[in-house]
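Student: One file: input.txt (compact mmCIF, N, CA and C atoms).
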```txt
# COMPACT_ATOMS: atom_id res chain seq x y z
N MET A 10 40.69 -14.95 -17.15
CA MET A 10 39.70 -15.97 -16.99
C MET A 10 39.11 -15.95 -15.57
N LYS A 11 39.93 -15.67 -14.57
CA LYS A 11 39.43 -15.63 -13.19
C LYS A 11 38.42 -14.51 -13.01
N ASN A 12 38.65 -13.39 -13.65
CA ASN A 12 37.72 -12.27 -13.53
C ASN A 12 36.34 -12.63 -14.08
N ILE A 13 36.29 -13.35 -15.16
CA ILE A 13 35.02 -13.76 -15.75
C ILE A 13 34.28 -14.70 -14.81
N VAL A 14 34.97 -15.64 -14.23
CA VAL A 14 34.35 -16.58 -13.29
C VAL A 14 33.86 -15.83 -12.06
N LEU A 15 34.66 -14.92 -11.55
CA LEU A 15 34.28 -14.13 -10.38
C LEU A 15 33.07 -13.28 -10.69
N THR A 16 33.09 -12.62 -11.84
CA THR A 16 31.95 -11.79 -12.23
C THR A 16 30.69 -12.63 -12.35
N SER A 17 30.81 -13.77 -12.96
CA SER A 17 29.66 -14.66 -13.11
C SER A 17 29.14 -15.10 -11.74
N ALA A 18 30.05 -15.41 -10.83
CA ALA A 18 29.65 -15.82 -9.49
C ALA A 18 28.94 -14.68 -8.76
N LEU A 19 29.43 -13.45 -8.93
CA LEU A 19 28.80 -12.31 -8.29
C LEU A 19 27.41 -12.07 -8.85
N ILE A 20 27.28 -12.18 -10.15
CA ILE A 20 25.96 -12.00 -10.77
C ILE A 20 24.99 -13.06 -10.28
N ASP A 21 25.43 -14.31 -10.24
CA ASP A 21 24.57 -15.39 -9.77
C ASP A 21 24.14 -15.17 -8.33
N SER A 22 25.07 -14.76 -7.46
CA SER A 22 24.71 -14.55 -6.06
C SER A 22 23.82 -13.33 -5.90
N ALA A 23 24.02 -12.30 -6.72
CA ALA A 23 23.17 -11.11 -6.66
C ALA A 23 21.75 -11.46 -7.09
N MET A 24 21.62 -12.31 -8.07
CA MET A 24 20.30 -12.70 -8.54
C MET A 24 19.57 -13.53 -7.50
N ILE A 25 20.29 -14.36 -6.80
CA ILE A 25 19.69 -15.18 -5.75
C ILE A 25 19.27 -14.31 -4.57
N ALA A 26 20.07 -13.30 -4.26
CA ALA A 26 19.82 -12.46 -3.09
C ALA A 26 18.88 -11.30 -3.37
N ALA A 27 18.40 -11.16 -4.60
CA ALA A 27 17.53 -10.04 -4.94
C ALA A 27 16.27 -10.09 -4.07
N PRO A 28 15.91 -8.95 -3.47
CA PRO A 28 14.74 -8.94 -2.60
C PRO A 28 13.45 -9.07 -3.40
N THR A 29 12.48 -9.68 -2.79
CA THR A 29 11.14 -9.73 -3.38
C THR A 29 10.23 -8.96 -2.45
N PHE A 30 9.27 -8.29 -3.01
CA PHE A 30 8.38 -7.48 -2.21
C PHE A 30 6.98 -8.07 -2.25
N ALA A 31 6.50 -8.44 -1.09
CA ALA A 31 5.17 -9.02 -0.99
C ALA A 31 4.14 -7.90 -0.85
N ALA A 32 2.95 -8.18 -1.27
CA ALA A 32 1.86 -7.22 -1.11
C ALA A 32 1.54 -7.11 0.38
N PRO A 33 1.09 -5.93 0.80
CA PRO A 33 0.71 -5.78 2.22
C PRO A 33 -0.33 -6.82 2.62
N ALA A 34 -0.24 -7.29 3.84
CA ALA A 34 -1.13 -8.34 4.34
C ALA A 34 -2.60 -7.96 4.25
N LYS A 35 -2.93 -6.71 4.48
CA LYS A 35 -4.33 -6.28 4.50
C LYS A 35 -4.78 -5.68 3.16
N LEU A 36 -4.01 -5.86 2.10
CA LEU A 36 -4.31 -5.24 0.81
C LEU A 36 -5.66 -5.68 0.25
N ALA A 37 -6.03 -6.92 0.42
CA ALA A 37 -7.27 -7.42 -0.17
C ALA A 37 -8.49 -6.63 0.30
N VAL A 38 -8.49 -6.25 1.56
CA VAL A 38 -9.62 -5.48 2.10
C VAL A 38 -9.72 -4.13 1.39
N CYS A 39 -8.60 -3.46 1.22
CA CYS A 39 -8.57 -2.14 0.57
C CYS A 39 -8.88 -2.26 -0.92
N ALA A 40 -8.33 -3.31 -1.54
CA ALA A 40 -8.45 -3.50 -2.98
C ALA A 40 -9.90 -3.68 -3.43
N ALA A 41 -10.75 -4.16 -2.56
CA ALA A 41 -12.15 -4.37 -2.93
C ALA A 41 -12.79 -3.07 -3.43
N CYS A 42 -12.41 -1.94 -2.86
CA CYS A 42 -12.99 -0.66 -3.27
C CYS A 42 -12.00 0.26 -3.98
N HIS A 43 -10.74 0.18 -3.59
CA HIS A 43 -9.74 1.11 -4.11
C HIS A 43 -8.84 0.51 -5.19
N GLY A 44 -9.00 -0.77 -5.49
CA GLY A 44 -8.17 -1.44 -6.48
C GLY A 44 -6.85 -1.88 -5.89
N GLN A 45 -6.32 -2.98 -6.37
CA GLN A 45 -5.07 -3.52 -5.85
C GLN A 45 -3.92 -2.55 -6.04
N ASP A 46 -3.95 -1.80 -7.13
CA ASP A 46 -2.89 -0.83 -7.40
C ASP A 46 -3.29 0.59 -6.98
N GLY A 47 -4.39 0.70 -6.23
CA GLY A 47 -4.83 2.00 -5.74
C GLY A 47 -5.62 2.81 -6.73
N ASN A 48 -5.89 2.26 -7.90
CA ASN A 48 -6.72 2.92 -8.90
C ASN A 48 -8.11 2.31 -8.82
N SER A 49 -9.01 3.04 -8.18
CA SER A 49 -10.32 2.51 -7.88
C SER A 49 -11.10 2.13 -9.14
N PRO A 50 -11.65 0.91 -9.15
CA PRO A 50 -12.48 0.50 -10.28
C PRO A 50 -13.94 0.94 -10.12
N ILE A 51 -14.25 1.54 -8.98
CA ILE A 51 -15.63 1.91 -8.66
C ILE A 51 -15.77 3.43 -8.67
N PRO A 52 -16.65 3.97 -9.52
CA PRO A 52 -16.87 5.42 -9.53
C PRO A 52 -17.28 5.92 -8.14
N GLY A 53 -16.72 7.04 -7.74
CA GLY A 53 -17.04 7.63 -6.44
C GLY A 53 -16.10 7.23 -5.33
N TYR A 54 -15.31 6.17 -5.55
CA TYR A 54 -14.33 5.75 -4.56
C TYR A 54 -12.99 6.36 -4.94
N PRO A 55 -12.31 6.96 -3.99
CA PRO A 55 -11.07 7.66 -4.34
C PRO A 55 -9.93 6.75 -4.79
N THR A 56 -9.16 7.27 -5.73
CA THR A 56 -7.93 6.62 -6.16
C THR A 56 -6.85 6.96 -5.14
N LEU A 57 -6.14 5.95 -4.68
CA LEU A 57 -5.08 6.14 -3.69
C LEU A 57 -3.69 6.12 -4.32
N ALA A 58 -3.60 5.60 -5.53
CA ALA A 58 -2.32 5.47 -6.21
C ALA A 58 -1.63 6.83 -6.35
N GLY A 59 -0.36 6.86 -5.97
CA GLY A 59 0.44 8.06 -6.13
C GLY A 59 0.23 9.14 -5.09
N LYS A 60 -0.69 8.93 -4.16
CA LYS A 60 -0.88 9.92 -3.08
C LYS A 60 0.33 9.88 -2.15
N ASP A 61 0.60 10.99 -1.52
CA ASP A 61 1.72 11.09 -0.58
C ASP A 61 1.52 10.12 0.58
N LYS A 62 2.57 9.39 0.92
CA LYS A 62 2.48 8.39 1.99
C LYS A 62 2.02 9.03 3.31
N ALA A 63 2.59 10.16 3.66
CA ALA A 63 2.22 10.82 4.93
C ALA A 63 0.74 11.20 4.93
N TYR A 64 0.24 11.63 3.79
CA TYR A 64 -1.18 11.98 3.66
C TYR A 64 -2.05 10.75 3.90
N LEU A 65 -1.68 9.62 3.29
CA LEU A 65 -2.46 8.40 3.46
C LEU A 65 -2.43 7.92 4.91
N VAL A 66 -1.27 7.99 5.55
CA VAL A 66 -1.16 7.62 6.96
C VAL A 66 -2.09 8.50 7.79
N GLU A 67 -2.04 9.80 7.53
CA GLU A 67 -2.87 10.75 8.28
C GLU A 67 -4.36 10.45 8.10
N GLN A 68 -4.77 10.17 6.87
CA GLN A 68 -6.19 9.92 6.62
C GLN A 68 -6.65 8.60 7.25
N LEU A 69 -5.84 7.56 7.14
CA LEU A 69 -6.23 6.29 7.76
C LEU A 69 -6.32 6.43 9.29
N ASN A 70 -5.40 7.18 9.87
CA ASN A 70 -5.48 7.41 11.32
C ASN A 70 -6.69 8.25 11.68
N ALA A 71 -7.06 9.19 10.83
CA ALA A 71 -8.25 10.00 11.09
C ALA A 71 -9.51 9.12 11.06
N PHE A 72 -9.59 8.21 10.10
CA PHE A 72 -10.72 7.26 10.08
C PHE A 72 -10.69 6.38 11.32
N LYS A 73 -9.52 5.89 11.65
CA LYS A 73 -9.36 4.98 12.80
C LYS A 73 -9.78 5.66 14.10
N ASN A 74 -9.45 6.94 14.24
CA ASN A 74 -9.74 7.69 15.47
C ASN A 74 -11.08 8.43 15.43
N ASP A 75 -11.87 8.18 14.38
CA ASP A 75 -13.17 8.81 14.20
C ASP A 75 -13.11 10.33 14.13
N THR A 76 -12.01 10.88 13.63
CA THR A 76 -11.93 12.33 13.42
C THR A 76 -12.22 12.68 11.97
N ARG A 77 -12.45 11.66 11.14
CA ARG A 77 -12.90 11.84 9.77
C ARG A 77 -14.00 10.83 9.52
N ALA A 78 -15.05 11.27 8.84
CA ALA A 78 -16.16 10.39 8.53
C ALA A 78 -16.07 9.93 7.08
N ASP A 79 -16.54 8.74 6.81
CA ASP A 79 -16.60 8.19 5.47
C ASP A 79 -17.72 8.89 4.72
N ALA A 80 -17.39 9.55 3.61
CA ALA A 80 -18.39 10.29 2.84
C ALA A 80 -19.19 9.40 1.89
N VAL A 81 -18.71 8.19 1.61
CA VAL A 81 -19.39 7.32 0.65
C VAL A 81 -20.35 6.37 1.36
N ILE A 82 -19.84 5.58 2.29
CA ILE A 82 -20.67 4.65 3.06
C ILE A 82 -20.41 4.96 4.54
N PRO A 83 -21.39 5.50 5.24
CA PRO A 83 -21.17 5.89 6.64
C PRO A 83 -20.52 4.78 7.47
N ASN A 84 -19.47 5.15 8.16
CA ASN A 84 -18.72 4.30 9.08
C ASN A 84 -17.91 3.19 8.42
N ASN A 85 -18.00 2.99 7.13
CA ASN A 85 -17.28 1.90 6.49
C ASN A 85 -15.78 2.05 6.67
N MET A 86 -15.21 3.18 6.24
CA MET A 86 -13.76 3.37 6.37
C MET A 86 -13.35 3.44 7.84
N ASN A 87 -14.19 3.99 8.67
CA ASN A 87 -13.87 4.05 10.10
C ASN A 87 -13.73 2.64 10.67
N ASN A 88 -14.66 1.78 10.33
CA ASN A 88 -14.60 0.39 10.82
C ASN A 88 -13.43 -0.36 10.21
N GLN A 89 -13.17 -0.15 8.92
CA GLN A 89 -12.03 -0.82 8.28
C GLN A 89 -10.72 -0.39 8.92
N ALA A 90 -10.57 0.91 9.17
CA ALA A 90 -9.31 1.44 9.72
C ALA A 90 -9.08 0.99 11.15
N LYS A 91 -10.14 0.79 11.91
CA LYS A 91 -10.00 0.34 13.30
C LYS A 91 -9.32 -1.04 13.37
N ALA A 92 -9.44 -1.82 12.31
CA ALA A 92 -8.85 -3.16 12.28
C ALA A 92 -7.37 -3.13 11.87
N LEU A 93 -6.84 -1.95 11.58
CA LEU A 93 -5.45 -1.83 11.12
C LEU A 93 -4.51 -1.43 12.25
N SER A 94 -3.38 -2.10 12.32
CA SER A 94 -2.34 -1.70 13.27
C SER A 94 -1.56 -0.53 12.65
N ASP A 95 -0.72 0.10 13.44
CA ASP A 95 0.13 1.17 12.91
C ASP A 95 1.03 0.64 11.80
N ALA A 96 1.51 -0.59 11.96
CA ALA A 96 2.36 -1.20 10.93
C ALA A 96 1.56 -1.45 9.65
N ASP A 97 0.31 -1.89 9.78
CA ASP A 97 -0.55 -2.09 8.61
C ASP A 97 -0.75 -0.77 7.87
N ILE A 98 -1.03 0.28 8.62
CA ILE A 98 -1.27 1.60 8.03
C ILE A 98 -0.02 2.07 7.30
N ASP A 99 1.12 1.90 7.90
CA ASP A 99 2.38 2.31 7.27
C ASP A 99 2.62 1.51 5.99
N GLU A 100 2.41 0.21 6.06
CA GLU A 100 2.66 -0.67 4.91
C GLU A 100 1.69 -0.38 3.77
N LEU A 101 0.41 -0.21 4.07
CA LEU A 101 -0.57 0.09 3.03
C LEU A 101 -0.31 1.46 2.40
N SER A 102 0.01 2.43 3.23
CA SER A 102 0.29 3.78 2.73
C SER A 102 1.51 3.78 1.81
N ALA A 103 2.53 3.04 2.19
CA ALA A 103 3.74 2.93 1.35
C ALA A 103 3.39 2.26 0.03
N HIS A 104 2.59 1.21 0.09
CA HIS A 104 2.20 0.50 -1.13
C HIS A 104 1.45 1.41 -2.10
N PHE A 105 0.41 2.07 -1.61
CA PHE A 105 -0.41 2.89 -2.51
C PHE A 105 0.35 4.12 -3.01
N SER A 106 1.19 4.70 -2.19
CA SER A 106 1.94 5.89 -2.63
C SER A 106 2.94 5.53 -3.72
N ALA A 107 3.39 4.28 -3.75
CA ALA A 107 4.36 3.84 -4.77
C ALA A 107 3.72 3.46 -6.10
N GLN A 108 2.40 3.41 -6.15
CA GLN A 108 1.70 3.01 -7.38
C GLN A 108 1.49 4.22 -8.30
N ALA A 109 1.38 3.94 -9.57
CA ALA A 109 1.16 5.01 -10.55
C ALA A 109 -0.34 5.23 -10.76
N PRO A 110 -0.79 6.48 -10.63
CA PRO A 110 -2.21 6.74 -10.91
C PRO A 110 -2.51 6.60 -12.40
N LYS A 111 -3.70 6.16 -12.70
CA LYS A 111 -4.10 5.99 -14.11
C LYS A 111 -5.15 7.00 -14.49
```
Re-express the file's structure as structure tokens.

Tutor:
Amino acid sequence: MKNIVLTSALIDSAMIAAPTFAAPAKLAVCAACHGQDGNSPIPGYPTLAGKDKAYLVEQLNAFKNDTRADAVIPNNMNNQAKALSDADIDELSAHFSAQAPK
């Protein structure tokens, strides 16, 4: 009987302690063109879902540093990326790389 109570207590505490994952703080800005899950709803805008995290970090930094130009709307991605911190870039890249492409 003690084992059942202990097991139940462990399950209850594990459920309470389960981590929750919040969306990246800057996701709304990206989602407008690339979709919340990285699957762009707009033709011509790239899908980011499932891309390699390191690739996404590299591309966002290239936009931020003006070593890559936005092919769709001149300077749009460059201006958007300039507003991102290194932590934002890391968080957004992790988010989109974890999504499933459709």

Student: To one decimal in Å, tell me the separation between CA of Lys73 (chain A) and CA of Asn88 (chain A).

Tutor: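 CA of Asn88 (chain A) lies at a distance of 7.2 Å from CA of Lys73 (chain A).
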
Student: I'd like to know which of A:Ser49, A:Ser106, A:Asn87, A:Thr56 is closest to Asp75 (chain A), using only N, CA and C atoms.

Tutor: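 Ranked by minimum distance to Asp75 (chain A), first place goes to A:Asn87.
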
Student: For the point (-11.1, 2.6, -5.0) in the file's frame, write as a short mmCIF file (atom, residue, chain, number, x, y, z; two decimals) with N, CA and C atoms, in the coordinates of the input all residues with an atom no more than 9 Å away, counting only C-alpha atoms.

Tutor:
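Output (part_16.cif):
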```cif
data_model
loop_
_atom_site.label_atom_id
_atom_site.label_comp_id
_atom_site.auth_asym_id
_atom_site.auth_seq_id
_atom_site.Cartn_x
_atom_site.Cartn_y
_atom_site.Cartn_z
N CYS A 39 -8.60 -3.46 1.22
CA CYS A 39 -8.57 -2.14 0.57
C CYS A 39 -8.88 -2.26 -0.92
N ALA A 40 -8.33 -3.31 -1.54
CA ALA A 40 -8.45 -3.50 -2.98
C ALA A 40 -9.90 -3.68 -3.43
N ALA A 41 -10.75 -4.16 -2.56
CA ALA A 41 -12.15 -4.37 -2.93
C ALA A 41 -12.79 -3.07 -3.43
N CYS A 42 -12.41 -1.94 -2.86
CA CYS A 42 -12.99 -0.66 -3.27
C CYS A 42 -12.00 0.26 -3.98
N HIS A 43 -10.74 0.18 -3.59
CA HIS A 43 -9.74 1.11 -4.11
C HIS A 43 -8.84 0.51 -5.19
N GLY A 44 -9.00 -0.77 -5.49
CA GLY A 44 -8.17 -1.44 -6.48
C GLY A 44 -6.85 -1.88 -5.89
N GLN A 45 -6.32 -2.98 -6.37
CA GLN A 45 -5.07 -3.52 -5.85
C GLN A 45 -3.92 -2.55 -6.04
N GLY A 47 -4.39 0.70 -6.23
CA GLY A 47 -4.83 2.00 -5.74
C GLY A 47 -5.62 2.81 -6.73
N ASN A 48 -5.89 2.26 -7.90
CA ASN A 48 -6.72 2.92 -8.90
C ASN A 48 -8.11 2.31 -8.82
N SER A 49 -9.01 3.04 -8.18
CA SER A 49 -10.32 2.51 -7.88
C SER A 49 -11.10 2.13 -9.14
N PRO A 50 -11.65 0.91 -9.15
CA PRO A 50 -12.48 0.50 -10.28
C PRO A 50 -13.94 0.94 -10.12
N ILE A 51 -14.25 1.54 -8.98
CA ILE A 51 -15.63 1.91 -8.66
C ILE A 51 -15.77 3.43 -8.67
N PRO A 52 -16.65 3.97 -9.52
CA PRO A 52 -16.87 5.42 -9.53
C PRO A 52 -17.28 5.92 -8.14
N GLY A 53 -16.72 7.04 -7.74
CA GLY A 53 -17.04 7.63 -6.44
C GLY A 53 -16.10 7.23 -5.33
N TYR A 54 -15.31 6.17 -5.55
CA TYR A 54 -14.33 5.75 -4.56
C TYR A 54 -12.99 6.36 -4.94
N PRO A 55 -12.31 6.96 -3.99
CA PRO A 55 -11.07 7.66 -4.34
C PRO A 55 -9.93 6.75 -4.79
N THR A 56 -9.16 7.27 -5.73
CA THR A 56 -7.93 6.62 -6.16
C THR A 56 -6.85 6.96 -5.14
N LEU A 57 -6.14 5.95 -4.68
CA LEU A 57 -5.08 6.14 -3.69
C LEU A 57 -3.69 6.12 -4.32
#
```

Student: Could you pull out the residues in region 25-111 of chain A that DSSP calls helix (DSSP H, G or I) from the backbone, as number ranges by chain?

Tutor: A: 25-26, 36-43, 62-73, 85-91, 95-106

Student: Can I get the selection written as a compact mmCIF listing (two decimals), in the coordinates of the input, with N, CA and C atoms?

Tutor:
```txt
# COMPACT_ATOMS: atom_id res chain seq x y z
N ILE A 25 20.29 -14.36 -6.80
CA ILE A 25 19.69 -15.18 -5.75
C ILE A 25 19.27 -14.31 -4.57
N ALA A 26 20.07 -13.30 -4.26
CA ALA A 26 19.82 -12.46 -3.09
C ALA A 26 18.88 -11.30 -3.37
N LEU A 36 -4.01 -5.86 2.10
CA LEU A 36 -4.31 -5.24 0.81
C LEU A 36 -5.66 -5.68 0.25
N ALA A 37 -6.03 -6.92 0.42
CA ALA A 37 -7.27 -7.42 -0.17
C ALA A 37 -8.49 -6.63 0.30
N VAL A 38 -8.49 -6.25 1.56
CA VAL A 38 -9.62 -5.48 2.10
C VAL A 38 -9.72 -4.13 1.39
N CYS A 39 -8.60 -3.46 1.22
CA CYS A 39 -8.57 -2.14 0.57
C CYS A 39 -8.88 -2.26 -0.92
N ALA A 40 -8.33 -3.31 -1.54
CA ALA A 40 -8.45 -3.50 -2.98
C ALA A 40 -9.90 -3.68 -3.43
N ALA A 41 -10.75 -4.16 -2.56
CA ALA A 41 -12.15 -4.37 -2.93
C ALA A 41 -12.79 -3.07 -3.43
N CYS A 42 -12.41 -1.94 -2.86
CA CYS A 42 -12.99 -0.66 -3.27
C CYS A 42 -12.00 0.26 -3.98
N HIS A 43 -10.74 0.18 -3.59
CA HIS A 43 -9.74 1.11 -4.11
C HIS A 43 -8.84 0.51 -5.19
N LYS A 62 2.57 9.39 0.92
CA LYS A 62 2.48 8.39 1.99
C LYS A 62 2.02 9.03 3.31
N ALA A 63 2.59 10.16 3.66
CA ALA A 63 2.22 10.82 4.93
C ALA A 63 0.74 11.20 4.93
N TYR A 64 0.24 11.63 3.79
CA TYR A 64 -1.18 11.98 3.66
C TYR A 64 -2.05 10.75 3.90
N LEU A 65 -1.68 9.62 3.29
CA LEU A 65 -2.46 8.40 3.46
C LEU A 65 -2.43 7.92 4.91
N VAL A 66 -1.27 7.99 5.55
CA VAL A 66 -1.16 7.62 6.96
C VAL A 66 -2.09 8.50 7.79
N GLU A 67 -2.04 9.80 7.53
CA GLU A 67 -2.87 10.75 8.28
C GLU A 67 -4.36 10.45 8.10
N GLN A 68 -4.77 10.17 6.87
CA GLN A 68 -6.19 9.92 6.62
C GLN A 68 -6.65 8.60 7.25
N LEU A 69 -5.84 7.56 7.14
CA LEU A 69 -6.23 6.29 7.76
C LEU A 69 -6.32 6.43 9.29
N ASN A 70 -5.40 7.18 9.87
CA ASN A 70 -5.48 7.41 11.32
C ASN A 70 -6.69 8.25 11.68
N ALA A 71 -7.06 9.19 10.83
CA ALA A 71 -8.25 10.00 11.09
C ALA A 71 -9.51 9.12 11.06
N PHE A 72 -9.59 8.21 10.10
CA PHE A 72 -10.72 7.26 10.08
C PHE A 72 -10.69 6.38 11.32
N LYS A 73 -9.52 5.89 11.65
CA LYS A 73 -9.36 4.98 12.80
C LYS A 73 -9.78 5.66 14.10
N ASN A 85 -18.00 2.99 7.13
CA ASN A 85 -17.28 1.90 6.49
C ASN A 85 -15.78 2.05 6.67
N MET A 86 -15.21 3.18 6.24
CA MET A 86 -13.76 3.37 6.37
C MET A 86 -13.35 3.44 7.84
N ASN A 87 -14.19 3.99 8.67
CA ASN A 87 -13.87 4.05 10.10
C ASN A 87 -13.73 2.64 10.67
N ASN A 88 -14.66 1.78 10.33
CA ASN A 88 -14.60 0.39 10.82
C ASN A 88 -13.43 -0.36 10.21
N GLN A 89 -13.17 -0.15 8.92
CA GLN A 89 -12.03 -0.82 8.28
C GLN A 89 -10.72 -0.39 8.92
N ALA A 90 -10.57 0.91 9.17
CA ALA A 90 -9.31 1.44 9.72
C ALA A 90 -9.08 0.99 11.15
N LYS A 91 -10.14 0.79 11.91
CA LYS A 91 -10.00 0.34 13.30
C LYS A 91 -9.32 -1.04 13.37
N ASP A 95 -0.72 0.10 13.44
CA ASP A 95 0.13 1.17 12.91
C ASP A 95 1.03 0.64 11.80
N ALA A 96 1.51 -0.59 11.96
CA ALA A 96 2.36 -1.20 10.93
C ALA A 96 1.56 -1.45 9.65
N ASP A 97 0.31 -1.89 9.78
CA ASP A 97 -0.55 -2.09 8.61
C ASP A 97 -0.75 -0.77 7.87
N ILE A 98 -1.03 0.28 8.62
CA ILE A 98 -1.27 1.60 8.03
C ILE A 98 -0.02 2.07 7.30
N ASP A 99 1.12 1.90 7.90
CA ASP A 99 2.38 2.31 7.27
C ASP A 99 2.62 1.51 5.99
N GLU A 100 2.41 0.21 6.06
CA GLU A 100 2.66 -0.67 4.91
C GLU A 100 1.69 -0.38 3.77
N LEU A 101 0.41 -0.21 4.07
CA LEU A 101 -0.57 0.09 3.03
C LEU A 101 -0.31 1.46 2.40
N SER A 102 0.01 2.43 3.23
CA SER A 102 0.29 3.78 2.73
C SER A 102 1.51 3.78 1.81
N ALA A 103 2.53 3.04 2.19
CA ALA A 103 3.74 2.93 1.35
C ALA A 103 3.39 2.26 0.03
N HIS A 104 2.59 1.21 0.09
CA HIS A 104 2.20 0.50 -1.13
C HIS A 104 1.45 1.41 -2.10
N PHE A 105 0.41 2.07 -1.61
CA PHE A 105 -0.41 2.89 -2.51
C PHE A 105 0.35 4.12 -3.01
N SER A 106 1.19 4.70 -2.19
CA SER A 106 1.94 5.89 -2.63
C SER A 106 2.94 5.53 -3.72
```

Student: Using only C-alpha atoms, which of A:Glu67, A:Asp61, A:Asp95, A:Asp46 sits nearest Ala32 (chain A)?

Tutor: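 Distance minimum relative to Ala32 (chain A) lands on A:Asp46.
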
Student: Using all atoms listed in the file, pick whichever of A:His104, A:Val38, A:Ala31, A:Lys111 has the shortest atom-to-atom distance to Gln89 (chain A).

Tutor: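 Smallest separation from Gln89 (chain A) among the options: A:Val38.
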
Student: Mind pulling up the distance from atom N of Leu36 (chain A) to atom N of Asp79 (chain A)?

Tutor: 19.8 Å

Student: Would you compute the distance between atom N of Ala109 (chain A) and atom C of Asn74 (chain A)? Give it in Å to one decimal.

Tutor: 28.3 Å

Student: Using the file's own x, y and z axes, so that the box edges lie along x, y and z, what centre and edge lengths in Å (one decimal) does a box around every listed atom of region 41-52 of chain A get when 6 Å is added on each side? Give it as AutoDock Vina command-line options.

Tutor:
```
--center_x -10.1 --center_y 0.8 --center_z -6.4 --size_x 26.4 --size_y 22.3 --size_z 19.7
```

Student: Nearest to Gln68 (chain A) among A:Ala34, A:Ala90, A:Ile82, A:Ala103, with distances taken over only C-alpha atoms: which residue is it?

Tutor: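 When distances to Gln68 (chain A) are compared using only C-alpha atoms, the smallest one comes from A:Ala90.
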
Student: For Ala107 (chain A), work out the shell of residues within 6.5 Å, counting all atoms listed in the file and skipping chain neighbours fewer than 6 positions away, then give it as a ChimeraX atom specification.

Tutor: /A:58-60

Student: Store the residues picked out above, limited to N, CA and C atoms, as an mmCIF file, in the frame of the given file.

Tutor:
```
data_model
loop_
_atom_site.group_PDB
_atom_site.id
_atom_site.type_symbol
_atom_site.label_atom_id
_atom_site.label_comp_id
_atom_site.auth_asym_id
_atom_site.auth_seq_id
_atom_site.Cartn_x
_atom_site.Cartn_y
_atom_site.Cartn_z
ATOM 1 N N ALA A 58 -3.600 5.600 -5.530
ATOM 2 C CA ALA A 58 -2.320 5.470 -6.210
ATOM 3 C C ALA A 58 -1.630 6.830 -6.350
ATOM 4 N N GLY A 59 -0.360 6.860 -5.970
ATOM 5 C CA GLY A 59 0.440 8.060 -6.130
ATOM 6 C C GLY A 59 0.230 9.140 -5.090
ATOM 7 N N LYS A 60 -0.690 8.930 -4.160
ATOM 8 C CA LYS A 60 -0.880 9.920 -3.080
ATOM 9 C C LYS A 60 0.330 9.880 -2.150
#
```
